[in-house]
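Below: the structure, in structure tokens.
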Amino acid sequence: MSGPSAPKRDVDRVATALADALPALHRALDRLVARDHAHPKPPEGHLNLLRYVAEHEGATVREAAAALLMKPNNVSALVSQLSGQGLLERRPDSADKRVVRLRLMPVARRHLAEVRTLQVAHLDRALLSLTEGELDALGSALGALNSLTHRLHPAAH
């Protein structure tokens, strides 16, 4: 919904621009990272699950599925793949042996750190090429982008 100070046409214009710009930014960054990463870059779904588990050590498949807006059986399949690659560990819950808790393996932490380092380096280079005004505008928009993310997906962080 728009507030009284945000005419519908302005909201539509911003929504359209964001819908175009954000995926394009993500694809460009993803290609640069894939090009420069020492290992084959894992698919984005794998990285998203690994990032989630890194931030929520001991999460269950159901918790990860809810946070990532995925079906539990799809996350379970990803967990099986990542466990088979030595990136995730499944541990039975101490209170309920039917529940499995997810833990990141050290090699997965290193891969995530490498990907993050490459992302930041590419963004740093691109941001340094912007004008001071453009950089200030992006910095000012971060809070609003985070708020927008939470409105679209309350479980997002």
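Ordered as shown in the structure tokens, chains take letters A, B, and onward, while each chain numbers its residues from 1 and ligands are numbered from 1 in the order shown.
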
Considering only C-alpha atoms, tabulate each residue of segment 100-129 of chain A that lies at most 10 Å from segment 12-29 of chain A along with its nearest interatomic pair and the corresponding distance in Å to one decimal; arrange the rows by chain and ascending residue number and present them as JSON lines.
```
{"residue": "A:Leu118", "atom": "CA", "partner": "A:Leu29", "partner_atom": "CA", "distance": 9.1}
{"residue": "A:Gln119", "atom": "CA", "partner": "A:Leu29", "partner_atom": "CA", "distance": 6.7}
{"residue": "A:Val120", "atom": "CA", "partner": "A:Leu29", "partner_atom": "CA", "distance": 9.6}
{"residue": "A:His122", "atom": "CA", "partner": "A:Leu29", "partner_atom": "CA", "distance": 7.3}
{"residue": "A:Leu123", "atom": "CA", "partner": "A:Leu29", "partner_atom": "CA", "distance": 7.9}
```

Convert the current residue selection to file output with all heavy atoms, as a PDB file, in the first residue's frame.
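Just written: result_16.pdb:
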```pdb
ATOM      1  N   LEU A 118      34.773 -12.449  -2.591  1.00  0.00           N
ATOM      2  CA  LEU A 118      34.687 -12.063  -3.999  1.00  0.00           C
ATOM      3  C   LEU A 118      33.541 -11.088  -4.241  1.00  0.00           C
ATOM      4  O   LEU A 118      33.690 -10.099  -4.973  1.00  0.00           O
ATOM      5  CB  LEU A 118      34.517 -13.305  -4.877  1.00  0.00           C
ATOM      6  CG  LEU A 118      35.756 -14.164  -5.065  1.00  0.00           C
ATOM      7  CD1 LEU A 118      35.389 -15.485  -5.741  1.00  0.00           C
ATOM      8  CD2 LEU A 118      36.813 -13.426  -5.866  1.00  0.00           C
ATOM      9  N   GLN A 119      32.388 -11.353  -3.626  1.00  0.00           N
ATOM     10  CA  GLN A 119      31.248 -10.443  -3.795  1.00  0.00           C
ATOM     11  C   GLN A 119      31.601  -9.035  -3.326  1.00  0.00           C
ATOM     12  O   GLN A 119      31.352  -8.049  -4.033  1.00  0.00           O
ATOM     13  CB  GLN A 119      30.035 -10.951  -3.007  1.00  0.00           C
ATOM     14  CG  GLN A 119      29.388 -12.167  -3.592  1.00  0.00           C
ATOM     15  CD  GLN A 119      28.305 -12.733  -2.684  1.00  0.00           C
ATOM     16  OE1 GLN A 119      28.403 -12.656  -1.458  1.00  0.00           O
ATOM     17  NE2 GLN A 119      27.277 -13.304  -3.280  1.00  0.00           N
ATOM     18  N   VAL A 120      32.176  -8.953  -2.144  1.00  0.00           N
ATOM     19  CA  VAL A 120      32.524  -7.647  -1.573  1.00  0.00           C
ATOM     20  C   VAL A 120      33.580  -6.952  -2.429  1.00  0.00           C
ATOM     21  O   VAL A 120      33.494  -5.747  -2.689  1.00  0.00           O
ATOM     22  CB  VAL A 120      32.973  -7.795  -0.102  1.00  0.00           C
ATOM     23  CG1 VAL A 120      33.559  -6.504   0.433  1.00  0.00           C
ATOM     24  CG2 VAL A 120      31.788  -8.235   0.764  1.00  0.00           C
ATOM     25  N   HIS A 122      34.149  -7.274  -5.680  1.00  0.00           N
ATOM     26  CA  HIS A 122      33.534  -6.779  -6.919  1.00  0.00           C
ATOM     27  C   HIS A 122      32.640  -5.577  -6.638  1.00  0.00           C
ATOM     28  O   HIS A 122      32.657  -4.595  -7.399  1.00  0.00           O
ATOM     29  CB  HIS A 122      32.746  -7.888  -7.613  1.00  0.00           C
ATOM     30  CG  HIS A 122      33.627  -8.888  -8.289  1.00  0.00           C
ATOM     31  ND1 HIS A 122      34.456  -8.579  -9.339  1.00  0.00           N
ATOM     32  CD2 HIS A 122      33.820 -10.206  -8.050  1.00  0.00           C
ATOM     33  CE1 HIS A 122      35.113  -9.651  -9.731  1.00  0.00           C
ATOM     34  NE2 HIS A 122      34.750 -10.656  -8.960  1.00  0.00           N
ATOM     35  N   LEU A 123      31.870  -5.645  -5.565  1.00  0.00           N
ATOM     36  CA  LEU A 123      31.025  -4.498  -5.211  1.00  0.00           C
ATOM     37  C   LEU A 123      31.869  -3.291  -4.825  1.00  0.00           C
ATOM     38  O   LEU A 123      31.545  -2.159  -5.215  1.00  0.00           O
ATOM     39  CB  LEU A 123      30.056  -4.878  -4.090  1.00  0.00           C
ATOM     40  CG  LEU A 123      28.896  -5.761  -4.537  1.00  0.00           C
ATOM     41  CD1 LEU A 123      28.160  -6.327  -3.326  1.00  0.00           C
ATOM     42  CD2 LEU A 123      27.940  -4.985  -5.429  1.00  0.00           C
TER      43      LEU A 123
END
```

**Message:** I'd like to know which residues of segment 79-114 of chain A are strand (DSSP E) (by DSSP, run on the backbone); could you write them as a VMD selection string?
**Reply:** chain A and resid 88 to 92 100 to 104

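Excluding Met105 of chain A itself and same-chain residues fewer than 4 positions from it, the residues having an atom within 10 Å of it are Leu50, Ala54, Leu82, Ser83, Gly86, Leu87, Leu88, Glu89, Arg109 and Arg110 of chain A, counting only C-alpha atoms.
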
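Taking atom CA of Arg51 of chain A and atom CA of Ala144 of chain A as the two end points, the separation is 22.6 Å.
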
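Among A:His153, A:Arg101, A:Arg125, A:His46, the residue with the shortest atom-to-atom distance to Val75 of chain A, counting only C-alpha atoms, is A:His46.
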
**Request:** Please provide as a list in words all residues within 12 Å of Pro92 of chain A, with the sequence filter that same-chain residues fewer than 2 positions apart are discarded (counting only C-alpha atoms).
**Result:** Gly58, Ala59, Thr60, Val61, Glu89, Arg90, Ser94, Ala95, Asp96, Lys97, Arg98, Val99, Val100, Arg101, Leu102 and Arg103 of chain A

**Request:** Write out as a ChimeraX atom specification all residues of segment 35-137 of chain A that backbone DSSP assigns to alpha helix (DSSP H).
**Result:** /A:35-36,44-55,61-68,72-84,106-128,132-137

**Prompt:** Contacts of Val115 of chain A at 12 Å or less, counting only C-alpha atoms, minus same-chain residues fewer than 6 places along, as a ChimeraX atom specification?
**Reply:** /A:29-44,47-48,50-51,108-109,121-122

**Fill in**
atom CA of Leu112 of chain A to atom CA of His56 of chain A measures 14.3 Å

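You will find atom CA of Asn74 of chain A at 10.1 Å from atom CA of Gly45 of chain A.
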
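In terms of minimum interatomic distance to Leu68 of chain A, A:Val53 ranks closest within A:Ala126, A:Leu148, A:Val53, A:Ala113, counting only C-alpha atoms.
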